[in-house]
$ cat upload-v9.tsv   # TSV, C-alpha atoms
chain	number	residue	atom	x	y	z
A	1	MET	CA	131.28	-63.83	-9.83
A	2	LYS	CA	131.31	-66.60	-7.24
A	3	ILE	CA	133.16	-64.38	-4.75
A	4	LYS	CA	130.66	-61.59	-5.31
A	5	ALA	CA	127.77	-63.97	-4.78
A	6	ILE	CA	129.28	-65.28	-1.56
A	7	LEU	CA	129.81	-61.76	-0.24
A	8	THR	CA	126.21	-60.86	-1.10
A	9	VAL	CA	124.92	-63.85	0.86
A	10	MET	CA	127.16	-63.02	3.85
A	11	CYS	CA	125.91	-59.44	3.91
A	12	ALA	CA	122.31	-60.63	3.76
A	13	VAL	CA	122.89	-63.03	6.67
A	14	ALA	CA	124.59	-60.33	8.74
A	15	THR	CA	121.77	-57.89	8.02
A	16	ALA	CA	119.17	-60.47	9.02
A	17	ALA	CA	121.01	-61.12	12.28
A	18	VAL	CA	121.01	-57.43	13.17
A	19	MET	CA	117.46	-56.62	12.08
A	20	PRO	CA	115.57	-58.26	14.98
A	21	THR	CA	117.49	-56.26	17.61
A	22	THR	CA	117.13	-53.01	15.69
A	23	ALA	CA	113.48	-53.60	14.93
A	24	SER	CA	112.67	-54.49	18.55
A	25	ALA	CA	114.51	-51.40	19.76
A	26	GLN	CA	112.57	-49.21	17.34
A	27	ALA	CA	109.27	-50.86	18.33
A	28	PHE	CA	109.85	-50.40	22.08
A	29	PRO	CA	107.80	-50.85	24.13
A	30	THR	CA	106.18	-54.05	22.89
A	31	LYS	CA	104.55	-54.98	26.21
A	32	PRO	CA	103.96	-53.50	29.69
A	33	VAL	CA	107.02	-52.22	31.51
A	34	THR	CA	107.72	-53.51	35.03
A	35	LEU	CA	109.10	-51.00	37.51
A	36	VAL	CA	110.75	-52.88	40.37
A	37	ILE	CA	110.69	-51.15	43.76
A	38	PRO	CA	113.13	-52.50	46.40
A	39	PHE	CA	110.88	-51.68	49.36
A	40	ALA	CA	107.42	-52.45	50.68
A	41	ALA	CA	104.20	-50.99	49.32
A	42	GLY	CA	103.21	-47.77	51.04
A	43	GLY	CA	106.77	-46.72	51.84
A	44	PRO	CA	108.47	-43.54	50.58
A	45	THR	CA	110.12	-45.09	47.50
A	46	ASP	CA	106.93	-46.96	46.67
A	47	LEU	CA	104.89	-43.74	46.77
A	48	LEU	CA	107.34	-42.03	44.43
A	49	GLY	CA	107.50	-45.09	42.17
A	50	ARG	CA	103.74	-45.37	41.76
A	51	ALA	CA	103.44	-41.68	40.95
A	52	LEU	CA	106.27	-41.96	38.42
A	53	ALA	CA	104.82	-45.14	36.90
A	54	GLN	CA	101.55	-43.39	36.17
A	55	SER	CA	103.23	-40.53	34.32
A	56	MET	CA	105.71	-42.76	32.48
A	57	ALA	CA	102.89	-45.00	31.29
A	58	ALA	CA	101.37	-42.03	29.51
A	59	ALA	CA	104.74	-41.01	28.08
A	60	LEU	CA	105.59	-44.53	26.85
A	61	GLY	CA	102.12	-45.43	25.64
A	62	THR	CA	102.00	-48.67	27.63
A	63	SER	CA	101.22	-49.85	31.15
A	64	VAL	CA	103.93	-49.52	33.79
A	65	ILE	CA	103.42	-52.14	36.48
A	66	VAL	CA	104.95	-51.60	39.92
A	67	GLU	CA	106.46	-54.71	41.48
A	68	ASN	CA	107.69	-54.62	45.08
A	69	ARG	CA	110.68	-56.94	45.60
A	70	THR	CA	111.78	-56.43	49.17
A	71	GLY	CA	114.72	-57.79	51.13
A	72	ALA	CA	118.31	-57.14	52.19
A	73	GLY	CA	118.15	-53.35	52.07
A	74	GLY	CA	117.08	-53.27	48.44
A	75	THR	CA	119.77	-55.61	47.16
A	76	VAL	CA	117.27	-58.37	46.31
A	77	ALA	CA	115.54	-56.07	43.82
A	78	GLY	CA	118.88	-54.91	42.48
A	79	GLY	CA	119.89	-58.49	41.75
A	80	VAL	CA	116.56	-59.25	40.07
A	81	VAL	CA	116.86	-56.35	37.65
A	82	ALA	CA	120.58	-56.89	36.99
A	83	ARG	CA	119.71	-60.41	35.79
A	84	ALA	CA	116.57	-59.43	33.84
A	85	GLN	CA	116.32	-59.45	30.05
A	86	ALA	CA	118.01	-56.33	28.74
A	87	ASP	CA	115.16	-55.09	26.56
A	88	GLY	CA	113.95	-52.09	28.58
A	89	HIS	CA	110.82	-53.77	29.89
A	90	THR	CA	112.24	-54.29	33.40
A	91	LEU	CA	113.48	-51.25	35.30
A	92	LEU	CA	114.67	-50.48	38.82
A	93	LEU	CA	113.83	-47.41	40.87
A	94	HIS	CA	116.26	-47.29	43.78
A	95	HIS	CA	117.24	-44.63	46.26
A	96	ILE	CA	120.44	-43.68	48.05
A	97	GLY	CA	120.76	-47.33	49.11
A	98	MET	CA	122.21	-48.09	45.67
A	99	SER	CA	125.32	-46.16	46.75
A	100	THR	CA	125.60	-47.63	50.24
A	101	ALA	CA	125.18	-51.30	49.30
A	102	PRO	CA	128.83	-51.77	48.21
A	103	GLY	CA	129.97	-50.59	51.63
A	104	LEU	CA	127.35	-52.39	53.72
A	105	TYR	CA	127.38	-55.81	52.07
A	106	ARG	CA	130.53	-57.91	51.92
A	107	LYS	CA	128.92	-60.14	49.27
A	108	LEU	CA	126.89	-58.14	46.78
A	109	ALA	CA	125.24	-59.86	43.81
A	110	PHE	CA	125.73	-56.87	41.53
A	111	ASP	CA	127.96	-53.88	40.91
A	112	PRO	CA	125.91	-50.63	40.88
A	113	MET	CA	128.33	-49.02	38.42
A	114	LYS	CA	128.96	-51.95	36.05
A	115	ASP	CA	125.81	-54.09	36.00
A	116	PHE	CA	123.24	-51.46	35.05
A	117	GLU	CA	122.48	-48.86	32.43
A	118	HIS	CA	121.94	-45.54	34.21
A	119	ILE	CA	118.85	-43.81	32.81
A	120	GLY	CA	118.70	-40.71	34.99
A	121	GLN	CA	118.07	-39.25	38.43
A	122	VAL	CA	114.44	-38.75	39.39
A	123	ALA	CA	113.76	-36.90	42.62
A	124	ASP	CA	115.16	-35.99	46.02
A	125	VAL	CA	113.24	-36.75	49.20
A	126	PRO	CA	114.32	-34.68	52.23
A	127	MET	CA	114.42	-36.20	55.69
A	128	THR	CA	113.17	-34.91	59.01
A	129	VAL	CA	114.47	-35.57	62.51
A	130	ILE	CA	111.49	-36.35	64.72
A	131	GLY	CA	110.94	-37.45	68.31
A	132	ARG	CA	108.31	-39.28	70.29
A	133	PRO	CA	105.53	-37.36	72.00
A	134	GLY	CA	106.68	-36.15	75.40
A	135	LEU	CA	110.41	-36.18	74.70
A	136	PRO	CA	111.96	-33.52	77.01
A	137	ALA	CA	113.87	-31.79	74.19
A	138	LYS	CA	111.83	-29.16	72.36
A	139	THR	CA	114.36	-27.62	69.96
A	140	PRO	CA	117.06	-29.17	67.74
A	141	GLN	CA	119.75	-27.75	70.01
A	142	GLU	CA	118.04	-29.28	73.05
A	143	LEU	CA	117.74	-32.62	71.22
A	144	ILE	CA	121.47	-32.65	70.44
A	145	ALA	CA	122.30	-31.83	74.08
A	146	TRP	CA	119.86	-34.51	75.30
A	147	MET	CA	121.36	-37.20	73.04
A	148	GLN	CA	124.88	-36.22	74.11
A	149	LYS	CA	123.86	-36.48	77.77
A	150	GLU	CA	121.78	-39.66	77.55
A	151	LYS	CA	124.09	-41.43	75.07
A	152	GLN	CA	123.14	-45.13	74.88
A	153	THR	CA	120.08	-44.56	77.04
A	154	ALA	CA	118.55	-42.75	74.08
A	155	ASN	CA	116.89	-45.03	71.52
A	156	LEU	CA	117.37	-44.19	67.86
A	157	ALA	CA	115.07	-46.12	65.52
A	158	HIS	CA	115.67	-46.95	61.88
A	159	ALA	CA	113.99	-48.99	59.15
A	160	GLY	CA	116.69	-51.64	58.75
A	161	LEU	CA	120.18	-52.12	57.38
A	162	GLY	CA	120.79	-49.89	54.38
A	163	ALA	CA	117.64	-47.83	54.92
A	164	ALA	CA	117.91	-44.08	54.54
A	165	SER	CA	116.84	-43.69	58.17
A	166	GLN	CA	119.82	-45.78	59.27
A	167	LEU	CA	122.24	-43.69	57.20
A	168	CYS	CA	120.81	-40.46	58.55
A	169	GLY	CA	121.04	-41.79	62.11
A	170	MET	CA	124.66	-42.84	61.59
A	171	LEU	CA	125.58	-39.39	60.33
A	172	LEU	CA	123.66	-37.70	63.17
A	173	GLN	CA	125.49	-39.71	65.84
A	174	GLN	CA	128.85	-39.04	64.19
A	175	SER	CA	128.11	-35.33	63.88
A	176	ILE	CA	127.18	-34.85	67.56
A	177	GLY	CA	129.79	-37.27	68.91
A	178	ALA	CA	127.29	-39.42	70.78
A	179	GLN	CA	126.44	-43.10	70.30
A	180	SER	CA	122.78	-43.93	70.94
A	181	THR	CA	121.20	-47.36	71.18
A	182	THR	CA	119.97	-48.08	67.66
A	183	VAL	CA	116.78	-50.07	67.23
A	184	PRO	CA	116.27	-51.61	63.77
A	185	PHE	CA	112.81	-52.39	62.39
A	186	GLN	CA	111.62	-54.23	59.31
A	187	GLY	CA	110.65	-51.10	57.39
A	188	THR	CA	109.68	-47.49	57.92
A	189	ALA	CA	106.07	-48.14	58.95
A	190	PRO	CA	106.83	-50.24	62.06
A	191	ALA	CA	109.64	-47.89	63.10
A	192	LEU	CA	107.34	-44.89	62.86
A	193	THR	CA	104.58	-46.77	64.69
A	194	ALA	CA	106.99	-47.48	67.55
A	195	LEU	CA	107.93	-43.81	67.71
A	196	LEU	CA	104.29	-42.72	67.73
A	197	GLY	CA	103.70	-45.17	70.58
A	198	GLY	CA	106.62	-43.84	72.61
A	199	GLN	CA	108.59	-47.09	72.42
A	200	VAL	CA	111.61	-45.35	70.85
A	201	ASP	CA	112.83	-41.80	71.22
A	202	VAL	CA	114.14	-40.42	67.94
A	203	MET	CA	114.38	-41.27	64.26
A	204	CYS	CA	115.12	-39.77	60.88
A	205	ASP	CA	112.44	-40.36	58.28
A	206	GLN	CA	111.47	-39.07	54.87
A	207	THR	CA	108.96	-36.26	54.44
A	208	THR	CA	106.65	-38.51	52.44
A	209	GLN	CA	106.03	-40.40	55.67
A	210	THR	CA	106.36	-37.75	58.36
A	211	ILE	CA	104.57	-34.65	57.08
A	212	PRO	CA	101.05	-35.99	57.81
A	213	HIS	CA	102.09	-36.89	61.38
A	214	ILE	CA	103.89	-33.58	61.82
A	215	LYS	CA	100.87	-31.58	60.68
A	216	GLY	CA	98.65	-33.74	62.88
A	217	GLY	CA	100.80	-32.94	65.92
A	218	LYS	CA	101.55	-36.61	66.57
A	219	VAL	CA	105.34	-36.28	66.66
A	220	GLN	CA	107.84	-33.65	67.68
A	221	LEU	CA	109.66	-32.12	64.71
A	222	TYR	CA	113.20	-30.92	65.34
A	223	ALA	CA	114.88	-30.23	62.02
A	224	VAL	CA	115.20	-31.06	58.35
A	225	THR	CA	118.31	-32.63	56.84
A	226	THR	CA	118.56	-30.47	53.72
A	227	PRO	CA	120.91	-27.49	53.26
A	228	GLU	CA	117.91	-25.14	53.04
A	229	ARG	CA	114.49	-25.06	54.66
A	230	LEU	CA	111.60	-26.88	53.00
A	231	LYS	CA	108.59	-25.25	51.41
A	232	PRO	CA	106.07	-27.49	53.24
A	233	LEU	CA	107.86	-26.80	56.60
A	234	PRO	CA	109.10	-23.22	56.25
A	235	ASP	CA	109.54	-22.56	59.98
A	236	THR	CA	111.62	-25.66	60.66
A	237	LEU	CA	115.37	-25.23	61.08
A	238	THR	CA	117.88	-27.23	59.10
A	239	LEU	CA	120.45	-29.18	61.09
A	240	ARG	CA	123.05	-26.84	59.64
A	241	GLU	CA	121.20	-23.91	61.20
A	242	ALA	CA	121.08	-25.88	64.45
A	243	GLY	CA	124.87	-26.04	64.52
A	244	LEU	CA	125.82	-29.16	62.53
A	245	LYS	CA	127.58	-27.32	59.74
A	246	ASN	CA	128.31	-30.21	57.38
A	247	PHE	CA	125.10	-32.15	57.86
A	248	GLU	CA	123.17	-33.05	54.73
A	249	VAL	CA	121.14	-36.16	53.87
A	250	VAL	CA	118.87	-36.19	50.85
A	251	VAL	CA	117.30	-39.44	49.71
A	252	TRP	CA	117.97	-39.23	45.99
A	253	HIS	CA	116.44	-41.70	43.54
A	254	GLY	CA	117.65	-43.06	40.21
A	255	LEU	CA	116.18	-45.12	37.39
A	256	TYR	CA	118.16	-48.13	36.10
A	257	ALA	CA	117.93	-50.78	33.37
A	258	PRO	CA	119.88	-54.04	32.98
A	259	LYS	CA	123.33	-53.77	31.42
A	260	GLY	CA	123.22	-54.21	27.65
A	261	THR	CA	119.83	-52.59	27.08
A	262	PRO	CA	119.95	-51.21	23.49
A	263	ALA	CA	120.84	-47.53	23.13
A	264	PRO	CA	117.58	-46.62	21.27
A	265	VAL	CA	115.56	-48.17	24.10
A	266	LEU	CA	117.56	-46.26	26.72
A	267	ALA	CA	117.00	-43.06	24.77
A	268	ALA	CA	113.24	-43.73	24.71
A	269	LEU	CA	113.22	-44.40	28.45
A	270	ASN	CA	115.18	-41.26	29.24
A	271	THR	CA	112.84	-39.20	27.06
A	272	ALA	CA	109.85	-40.68	28.89
A	273	LEU	CA	111.48	-39.98	32.26
A	274	ARG	CA	112.22	-36.35	31.43
A	275	LYS	CA	108.73	-35.85	30.04
A	276	SER	CA	107.19	-37.37	33.18
A	277	LEU	CA	109.22	-35.10	35.47
A	278	LYS	CA	107.64	-32.10	33.73
A	279	ASP	CA	104.11	-33.43	34.24
A	280	PRO	CA	102.35	-30.74	36.34
A	281	ALA	CA	100.19	-33.33	38.09
A	282	LEU	CA	103.24	-35.35	39.14
A	283	VAL	CA	105.21	-32.28	40.26
A	284	LYS	CA	102.25	-31.02	42.33
A	285	ARG	CA	101.71	-34.42	43.93
A	286	LEU	CA	105.37	-34.70	44.91
A	287	ASP	CA	105.66	-31.09	46.05
A	288	GLU	CA	102.89	-31.61	48.60
A	289	VAL	CA	105.03	-34.12	50.49
A	290	GLY	CA	108.33	-32.27	50.09
A	291	VAL	CA	109.69	-34.36	47.21
A	292	GLN	CA	111.80	-32.31	44.83
A	293	VAL	CA	112.21	-33.19	41.15
A	294	VAL	CA	115.91	-32.97	40.30
A	295	ALA	CA	117.36	-30.41	37.88
A	296	GLU	CA	117.24	-31.30	34.17
A	297	ASN	CA	121.00	-31.81	33.92
A	298	LEU	CA	120.68	-34.61	36.49
A	299	GLN	CA	117.86	-36.37	34.62
A	300	THR	CA	120.45	-37.93	32.34
A	301	PRO	CA	122.61	-41.08	32.26
A	302	ASP	CA	125.73	-39.06	33.07
A	303	GLY	CA	123.90	-37.16	35.80
A	304	LEU	CA	122.96	-40.39	37.56
A	305	ARG	CA	126.23	-42.21	36.89
A	306	ASN	CA	128.43	-39.39	38.23
A	307	HIS	CA	126.27	-38.83	41.31
A	308	LEU	CA	126.15	-42.54	42.10
A	309	LYS	CA	129.95	-42.77	41.98
A	310	SER	CA	130.42	-39.76	44.28
A	311	GLU	CA	127.85	-41.12	46.76
A	312	ILE	CA	129.51	-44.57	46.81
A	313	ASP	CA	132.75	-42.84	47.81
A	314	ARG	CA	131.04	-40.64	50.41
A	315	TRP	CA	129.00	-43.28	52.23
A	316	GLY	CA	131.64	-45.98	51.92
A	317	ALA	CA	133.97	-43.90	54.08
A	318	LEU	CA	131.28	-43.30	56.72
A	319	ILE	CA	130.26	-46.98	56.80
A	320	ARG	CA	133.87	-48.10	57.22
A	321	GLN	CA	134.28	-45.65	60.09
A	322	ALA	CA	131.08	-46.89	61.77
A	323	GLY	CA	132.04	-50.53	61.22
A	324	THR	CA	128.54	-51.48	60.09
A	325	TYR	CA	128.42	-54.44	57.72
A	326	ALA	CA	126.13	-57.25	56.62
A	327	ASP	CA	127.30	-60.69	55.61
$ encode --input "upload-v9.tsv" --output "structure tokens"
Amino acid sequence: MKIKAILTVMCAVATAAVMPTTASAQAFPTKPVTLVIPFAAGGPTDLLGRALAQSMAAALGTSVIVENRTGAGGTVAGGVVARAQADGHTLLLHHIGMSTAPGLYRKLAFDPMKDFEHIGQVADVPMTVIGRPGLPAKTPQELIAWMQKEKQTANLAHAGLGAASQLCGMLLQQSIGAQSTTVPFQGTAPALTALLGGQVDVMCDQTTQTIPHIKGGKVQLYAVTTPERLKPLPDTLTLREAGLKNFEVVVWHGLYAPKGTPAPVLAALNTALRKSLKDPALVKRLDEVGVQVVAENLQTPDGLRNHLKSEIDRWGALIRQAGTYAD
């Protein structure tokens, strides 16, 4: 009888120890969710994040607060979320930079594959290749020839180490076999401002930023970086059509939670994500600026995890070849 009594007490203690975690997972969310954005307010990822936050708030039944944590190409925000409490109330929305950080930074405070739970891919943002007003080149083929002729005389702007615009510029230079003078800025907005003012010649930038300026005739549009033409810019050639057969840069985005977040909470977050990406208002808002919601099979933990791994391999090789690193 004594043994039975002892076992009963042990079972009760074990059950009590498990119940708080299970109960909290079932009750999720118990407070507002914070969506950490690695870049400044008003930038491409911020615009996507705020639109997503609005739809996910409705799906989760709680507020989703956007918090911009800038610095070091998005790695500051990555470190913040990796160290956050693993209860699902702190999330990270990061773009392609999540896959380039291991190659760019010799000392990285987190491992993109090991230190996060991968909730799912969100959306792809195409990029455009644009030039300053008055640039002699008028077609993508003329731009390529001009950059090959001018070489380091040509100024190629980007939004900082690890930014999508830097990656696109690296690939463009490699593809045409010409090294331009690269001019880094502290973000997309100042880089684009410099281009509009004629202080730099060329840059790659995301459609969320460039379409208004393109439609306003304030920049010269040369090409898009996607395999196929874009709905908002149907007459614009792809760089593949312009002769760069293997050129493709899409700024994909993924949603992450800290490692160890309970499985029921992750399931709830993934359900909310997939529901949000079917929201007609969100889809329409994104479509207007060329942002494409990813296919349903990519809106999953495996979809994000597998894509992240393949992109780490792809960009790591390019970064090593370019010899671009940060301490």
$ closest_atom_pairs --input "upload-v9.tsv" --of "region 64-98 of chain A" --to "region 38-49 of chain A" --cutoff "9 Å" --atoms "only C-alpha atoms" --output "CSV"
residue,atom,partner,partner_atom,distance
A:Val66,CA,A:Gly49,CA,7.3
A:Glu67,CA,A:Pro38,CA,8.6
A:Asn68,CA,A:Pro38,CA,6.0
A:Arg69,CA,A:Pro38,CA,5.1
A:Thr70,CA,A:Phe39,CA,4.8
A:Gly71,CA,A:Pro38,CA,7.3
A:Gly73,CA,A:Pro38,CA,7.6
A:Gly74,CA,A:Pro38,CA,4.5
A:Thr75,CA,A:Pro38,CA,7.4
A:Val76,CA,A:Pro38,CA,7.2
A:Ala77,CA,A:Pro38,CA,5.0
A:Gly78,CA,A:Pro38,CA,7.4
A:Leu92,CA,A:Pro38,CA,8.0
A:Leu93,CA,A:Gly49,CA,6.9
A:His94,CA,A:Pro38,CA,6.6
A:His95,CA,A:Thr45,CA,7.2
$ closest_residue --input "upload-v9.tsv" --among "A:Thr238, A:Thr100, A:Thr193, A:Gln220" --to "Ile319 (chain A)" --atoms "all atoms listed in the file"
A:Thr100
$ atom_distance --input "upload-v9.tsv" --atom1 "CA of Gly197 (chain A)" --atom2 "CA of Thr226 (chain A)"
26.9 Å
$ closest_residue --input "upload-v9.tsv" --among "A:Asn306, A:Gln141, A:Thr182, A:Ser55" --to "Val200 (chain A)" --atoms "only C-alpha atoms"
A:Thr182
$ residues_near_point --input "upload-v9.tsv" --point "(103.8, -32.7, 57.2)" --cutoff "9 Å" --atoms "only C-alpha atoms" --output "list in words"
Thr207, Thr208, Gln209, Thr210, Ile211, Pro212, His213, Ile214, Lys215, Gly216, Pro232, Leu233, Glu288, Val289 and Gly290 of chain A
$ residues_near_point --input "upload-v9.tsv" --point "(129.6, -44.7, 45.1)" --cutoff "12 Å" --atoms "all atoms listed in the file" --output "list in words"
Ile96, Gly97, Met98, Ser99, Thr100, Ala101, Pro102, Gly103, Leu104, Asp111, Pro112, Met113, Lys114, Leu304, Arg305, Asn306, His307, Leu308, Lys309, Ser310, Glu311, Ile312, Asp313, Arg314, Trp315, Gly316, Ala317, Leu318 and Ile319 of chain A
$ residues_around --input "upload-v9.tsv" --residues "Gln148 (chain A)" --least-positions-apart "6" --cutoff "10 Å" --atoms "only C-alpha atoms" --output "ChimeraX atom specification"
/A:142,154,173,176-180
$ decode --input "upload-v9.tsv" --residues "region 112-166 of chain A" --atoms "C-alpha atoms" --output "mmCIF file, in the first residue's frame"
data_model
loop_
_atom_site.group_PDB
_atom_site.id
_atom_site.type_symbol
_atom_site.label_atom_id
_atom_site.label_comp_id
_atom_site.auth_asym_id
_atom_site.auth_seq_id
_atom_site.Cartn_x
_atom_site.Cartn_y
_atom_site.Cartn_z
ATOM 1 C CA PRO A 112 19.384 30.527 -38.292
ATOM 2 C CA MET A 113 18.805 26.778 -38.533
ATOM 3 C CA LYS A 114 19.249 25.770 -34.878
ATOM 4 C CA ASP A 115 18.147 28.710 -32.724
ATOM 5 C CA PHE A 116 14.637 29.241 -34.087
ATOM 6 C CA GLU A 117 11.388 27.446 -34.705
ATOM 7 C CA HIS A 118 10.477 27.914 -38.362
ATOM 8 C CA ILE A 119 6.795 28.828 -38.673
ATOM 9 C CA GLY A 120 6.479 29.324 -42.424
ATOM 10 C CA GLN A 121 7.346 31.421 -45.457
ATOM 11 C CA VAL A 122 5.249 34.529 -45.988
ATOM 12 C CA ALA A 123 5.784 36.420 -49.225
ATOM 13 C CA ASP A 124 8.242 37.158 -52.012
ATOM 14 C CA VAL A 125 9.159 40.722 -52.927
ATOM 15 C CA PRO A 126 10.638 41.125 -56.421
ATOM 16 C CA MET A 127 13.422 43.595 -57.097
ATOM 17 C CA THR A 128 13.895 46.133 -59.847
ATOM 18 C CA VAL A 129 17.085 47.473 -61.386
ATOM 19 C CA ILE A 130 16.752 51.241 -61.620
ATOM 20 C CA GLY A 131 18.977 54.147 -62.637
ATOM 21 C CA ARG A 132 19.251 57.835 -61.918
ATOM 22 C CA PRO A 133 17.474 60.340 -64.140
ATOM 23 C CA GLY A 134 19.619 61.174 -67.135
ATOM 24 C CA LEU A 135 21.708 58.005 -67.154
ATOM 25 C CA PRO A 136 22.801 57.442 -70.798
ATOM 26 C CA ALA A 137 21.623 53.814 -70.893
ATOM 27 C CA LYS A 138 17.953 53.428 -71.815
ATOM 28 C CA THR A 139 17.521 49.644 -72.047
ATOM 29 C CA PRO A 140 18.770 46.782 -69.853
ATOM 30 C CA GLN A 141 21.196 45.730 -72.581
ATOM 31 C CA GLU A 142 22.541 49.293 -72.802
ATOM 32 C CA LEU A 143 22.871 49.420 -69.004
ATOM 33 C CA ILE A 144 24.914 46.201 -68.966
ATOM 34 C CA ALA A 145 27.174 47.536 -71.744
ATOM 35 C CA TRP A 146 27.536 50.880 -69.927
ATOM 36 C CA MET A 147 28.505 49.221 -66.629
ATOM 37 C CA GLN A 148 30.993 46.969 -68.426
ATOM 38 C CA LYS A 149 32.551 50.001 -70.112
ATOM 39 C CA GLU A 150 32.556 52.359 -67.136
ATOM 40 C CA LYS A 151 33.511 49.697 -64.563
ATOM 41 C CA GLN A 152 34.527 51.398 -61.298
ATOM 42 C CA THR A 153 33.469 54.791 -62.618
ATOM 43 C CA ALA A 154 29.882 53.597 -62.305
ATOM 44 C CA ASN A 155 28.392 53.971 -58.813
ATOM 45 C CA LEU A 156 26.198 51.154 -57.539
ATOM 46 C CA ALA A 157 24.244 52.027 -54.397
ATOM 47 C CA HIS A 158 22.939 49.636 -51.767
ATOM 48 C CA ALA A 159 21.221 49.848 -48.392
ATOM 49 C CA GLY A 160 24.046 48.410 -46.279
ATOM 50 C CA LEU A 161 25.798 45.150 -45.524
ATOM 51 C CA GLY A 162 23.416 42.226 -45.780
ATOM 52 C CA ALA A 163 20.657 44.259 -47.423
ATOM 53 C CA ALA A 164 18.824 42.701 -50.346
ATOM 54 C CA SER A 165 20.020 45.557 -52.546
ATOM 55 C CA GLN A 166 23.635 44.645 -51.767
#
